[in-house]
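Contents: one structure, followed by commentary.
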Amino acid sequence: MSKMRKGLTAVLSPIIVCLMLLVTNGVAGAQTPEYGGILRIIDMAEGANPIGVPWENFTIDTKLMTPVIETLYDEDFVGKIHPHLATSYKVDLKGKTITFFLRKGVKFHDGTDFNAEAVRWCWQQAIDAKVASGWDSVEAVDPQTVRVHFKSFQNDFLNRAGTRAFGIISPTAFKKNGIDWARWNPIGTGPFKFVKFQRGSVLQYRKNASYWMNGRPYLDGIDFLFIRDPLTQQAAMRSKDPDQRVSVLAVTSAEQAFMMKNQGFKIVSTPIGPISLIPDSANADSPLSKRKVREAISYAIDREGIVKARGFGIWKPAYQIQPDNMATYIPDLQGTQYNPQKARQLLAEAGYPNGFKTKIIVMPAMVDRDAMVAVQRNLSDIGIQVDMEFPDNGGYTSYRFGGWKNALLAHHTRAVPNFNLTFEMYFHPDFKQFPSLKRTEGLVEAIEASYKTPETSKEKGQALTKLMFQDTMVIPVYYVYELYALTSDVHDTGYGDWGASTVFIPEDTWLSKK
């Protein structure tokens, strides 16, 4: 493990450590890393969104960028940032600037220099794309110094420097080949270089022999394989063929992780937030625009039963948008416990005594289908007839950013260490997610008030949680965990140690010889 990353567990809160140990991770003791081998990963990401243009991707597909597109900082589970492409920073509140001091001697994969102008150009694209809320401009002060100018300080600005959506790509390659080419041909500074991408099949990276970190990477390459059938996934993990065997399987299915653990695989658990129903509430003609209807749906869901049947001792019922390992969780906030009679009463009061028809559109990979079928049955019991739709990642993204009508998205909202970034990214209109969702009155103003304090405020964060809860703006169902099954020869991945922006450390990962 690199020096900058040692001692991480010392800063993790006891709650997070307990959650990380909920599933045995089986991390081996200190060993000498070995060189060589191709790490094959089956991830939940599908490559439906651009993997080479960071400011266009705020989805789970950012995980696929990790080996090739780097960030200025890595972010751990408590929101602390650790130097990566930057060595340090300075915040000037009076001057309304943040100055980043960059690492020297780094090259992009096309041989051009990583420098302040490259960072300036990439971050200016984010500003122009309106995904850098609060930033006015970016200035290249000198080749190793870049300065962000802001309107007023937000306490999630520094965390942005660790998010893949603010990763740095080669401006030269982008300008030479155009955006359509760049979307699917990532050129970064990372430990691995892009080789090929076959949608629905494989994303292939190979070792960057000129990587800036001395002695890294250890692996010869990384292949992401897009296999969705659970039985085929498990067969790939058990394969005896070294040229075919998969070494890492990422899932949110507690059932699958339970089975893999019983088969002898190491399991790493990462708490990542709730699966919720996101209603079409902005459409006044939709029954879901009425708060009592949303409350009825919430009362109708037997969360405890779903978690007992599908959670395998890992999931927890969710009644609020933030999980219980976050400061924004409110312990004494009473949820809408399972009560079909109360649900029918609320439906009648809302003007739907006989129910209505709607649809649940299920997020691929992240959401358990059987859990949503159970929700479908619960709603049927109170007269709401639900059709189910299971789109692929691209189809789902169209709904997520383009809108949906008289339906609910079954969606995962990732709880990131700086909770303000979670609320801003998912629920502030500037980020253009969920256009069919009506924001609770005062929520946007409360988000902006929360991220404008010098440090994150637990009280302001809890106020956001309470606002959403009181309006039943979204309907949380269960808390999910990102679960990684690893073969015994995989070491130092970083899975389970790092926040959602960083996920894993490809340059440190290595395979032991058998």
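So you can find residues: chains in the structure tokens are A, B, ... in the order shown, residues in each start at 1, and ligands are numbered from 1 in order.
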Extract, using only C-alpha atoms, all DNA, RNA and protein residues at most 7 Å from A:Ile297, discarding same-chain residues fewer than 3 positions from it, and format them as a compact mmCIF listing (two decimals) with N, CA and C atoms, in the first residue's frame.
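Result written to result.txt:
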```txt
# COMPACT_ATOMS: atom_id res chain seq x y z
N VAL A 293 -50.68 10.32 -1.24
CA VAL A 293 -50.45 9.12 -2.06
C VAL A 293 -49.06 8.57 -1.78
N ARG A 294 -48.07 9.46 -1.73
CA ARG A 294 -46.71 9.01 -1.46
C ARG A 294 -46.61 8.41 -0.05
N ALA A 300 -47.48 1.24 2.86
CA ALA A 300 -47.83 -0.06 2.28
C ALA A 300 -46.65 -1.01 2.15
N ILE A 301 -45.44 -0.48 2.22
CA ILE A 301 -44.24 -1.30 1.98
C ILE A 301 -43.80 -1.99 3.27
N ALA A 343 -52.47 2.91 4.93
CA ALA A 343 -52.20 3.22 3.53
C ALA A 343 -53.49 3.37 2.73
N LEU A 379 -48.02 -3.02 -2.86
CA LEU A 379 -48.87 -1.95 -3.40
C LEU A 379 -50.16 -2.52 -3.99
```
Considering only C-alpha atoms, return as a list in words whatever protein or nucleic-acid residues lie within 12 Å of A:Tyr399, sequence-local ones (same chain, fewer than 4 positions apart) excluded.
->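 Everything that qualifies: Ile278, Pro279, Asp280, Ile360, Ile361, Val362, Met363, Glu389, Phe390, Pro391, Asp392, Asn393, Gly394, Gly395, Gly403, Trp404, Lys405, Ala407, Leu408, Leu409, Ala410, His411, Lys432, Gln433, Phe434, Pro435, Ser436 and Leu437 of chain A.
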By how many Å are atom CA of A:Leu486 and atom CA of A:Pro50 apart?
-> 27.1 Å
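With only C-alpha atoms as the basis for measurement, A:Asp489 is the residue among A:Glu507, A:Asp489, A:Asp220, A:Asp92 that approaches A:Ser247 most closely.
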Pick out each residue of stretch 132-299 of chain A that DSSP on the backbone tags as helix (DSSP H, G or I); I need them as a PyMOL selection string.
-> chain A and resi 157-160+164-166+171-177+179-182+230-238+254-262+287-289+291-299
Could you name the residues that touch stretch 97-113 of chain A at 6 Å or less, counting only C-alpha atoms, but leaving out those on the same chain fewer than 5 positions away, as an mmCIF file with C-alpha atoms, in the first residue's frame?
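Wrote it out as selection.cif, contents follow:
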```
data_model
loop_
_atom_site.group_PDB
_atom_site.id
_atom_site.type_symbol
_atom_site.label_atom_id
_atom_site.label_comp_id
_atom_site.auth_asym_id
_atom_site.auth_seq_id
_atom_site.Cartn_x
_atom_site.Cartn_y
_atom_site.Cartn_z
ATOM 1 C CA LEU A 85 -2.291 14.461 -8.681
ATOM 2 C CA ALA A 86 -2.134 17.461 -6.357
ATOM 3 C CA THR A 87 0.347 17.689 -3.509
ATOM 4 C CA SER A 88 -1.399 20.381 -1.465
ATOM 5 C CA TYR A 89 -3.965 23.177 -1.588
ATOM 6 C CA LYS A 90 -4.705 26.562 -0.029
ATOM 7 C CA VAL A 91 -8.133 28.067 0.620
ATOM 8 C CA ASP A 92 -8.415 31.871 0.629
ATOM 9 C CA GLN A 144 2.127 23.568 -11.455
ATOM 10 C CA THR A 145 -0.467 25.851 -9.867
ATOM 11 C CA VAL A 146 -4.163 26.048 -10.662
ATOM 12 C CA ARG A 147 -6.640 28.361 -8.955
ATOM 13 C CA VAL A 148 -10.423 28.075 -8.703
ATOM 14 C CA HIS A 149 -12.392 31.293 -8.285
ATOM 15 C CA ILE A 187 -6.790 9.459 -22.265
ATOM 16 C CA GLY A 188 -5.714 10.163 -18.708
ATOM 17 C CA THR A 189 -2.665 9.918 -16.462
ATOM 18 C CA TRP A 212 4.366 8.585 -12.471
#
```
Excluding A:Ala371 and residues on its chain fewer than 2 positions from it, collect all residues at most 12 Å away from it, counting only C-alpha atoms, and give them as a PyMOL selection string.
-> chain A and resi 252-255+275-276+301-311+315+317+360+362+366-369+373-378+388+410+477-480
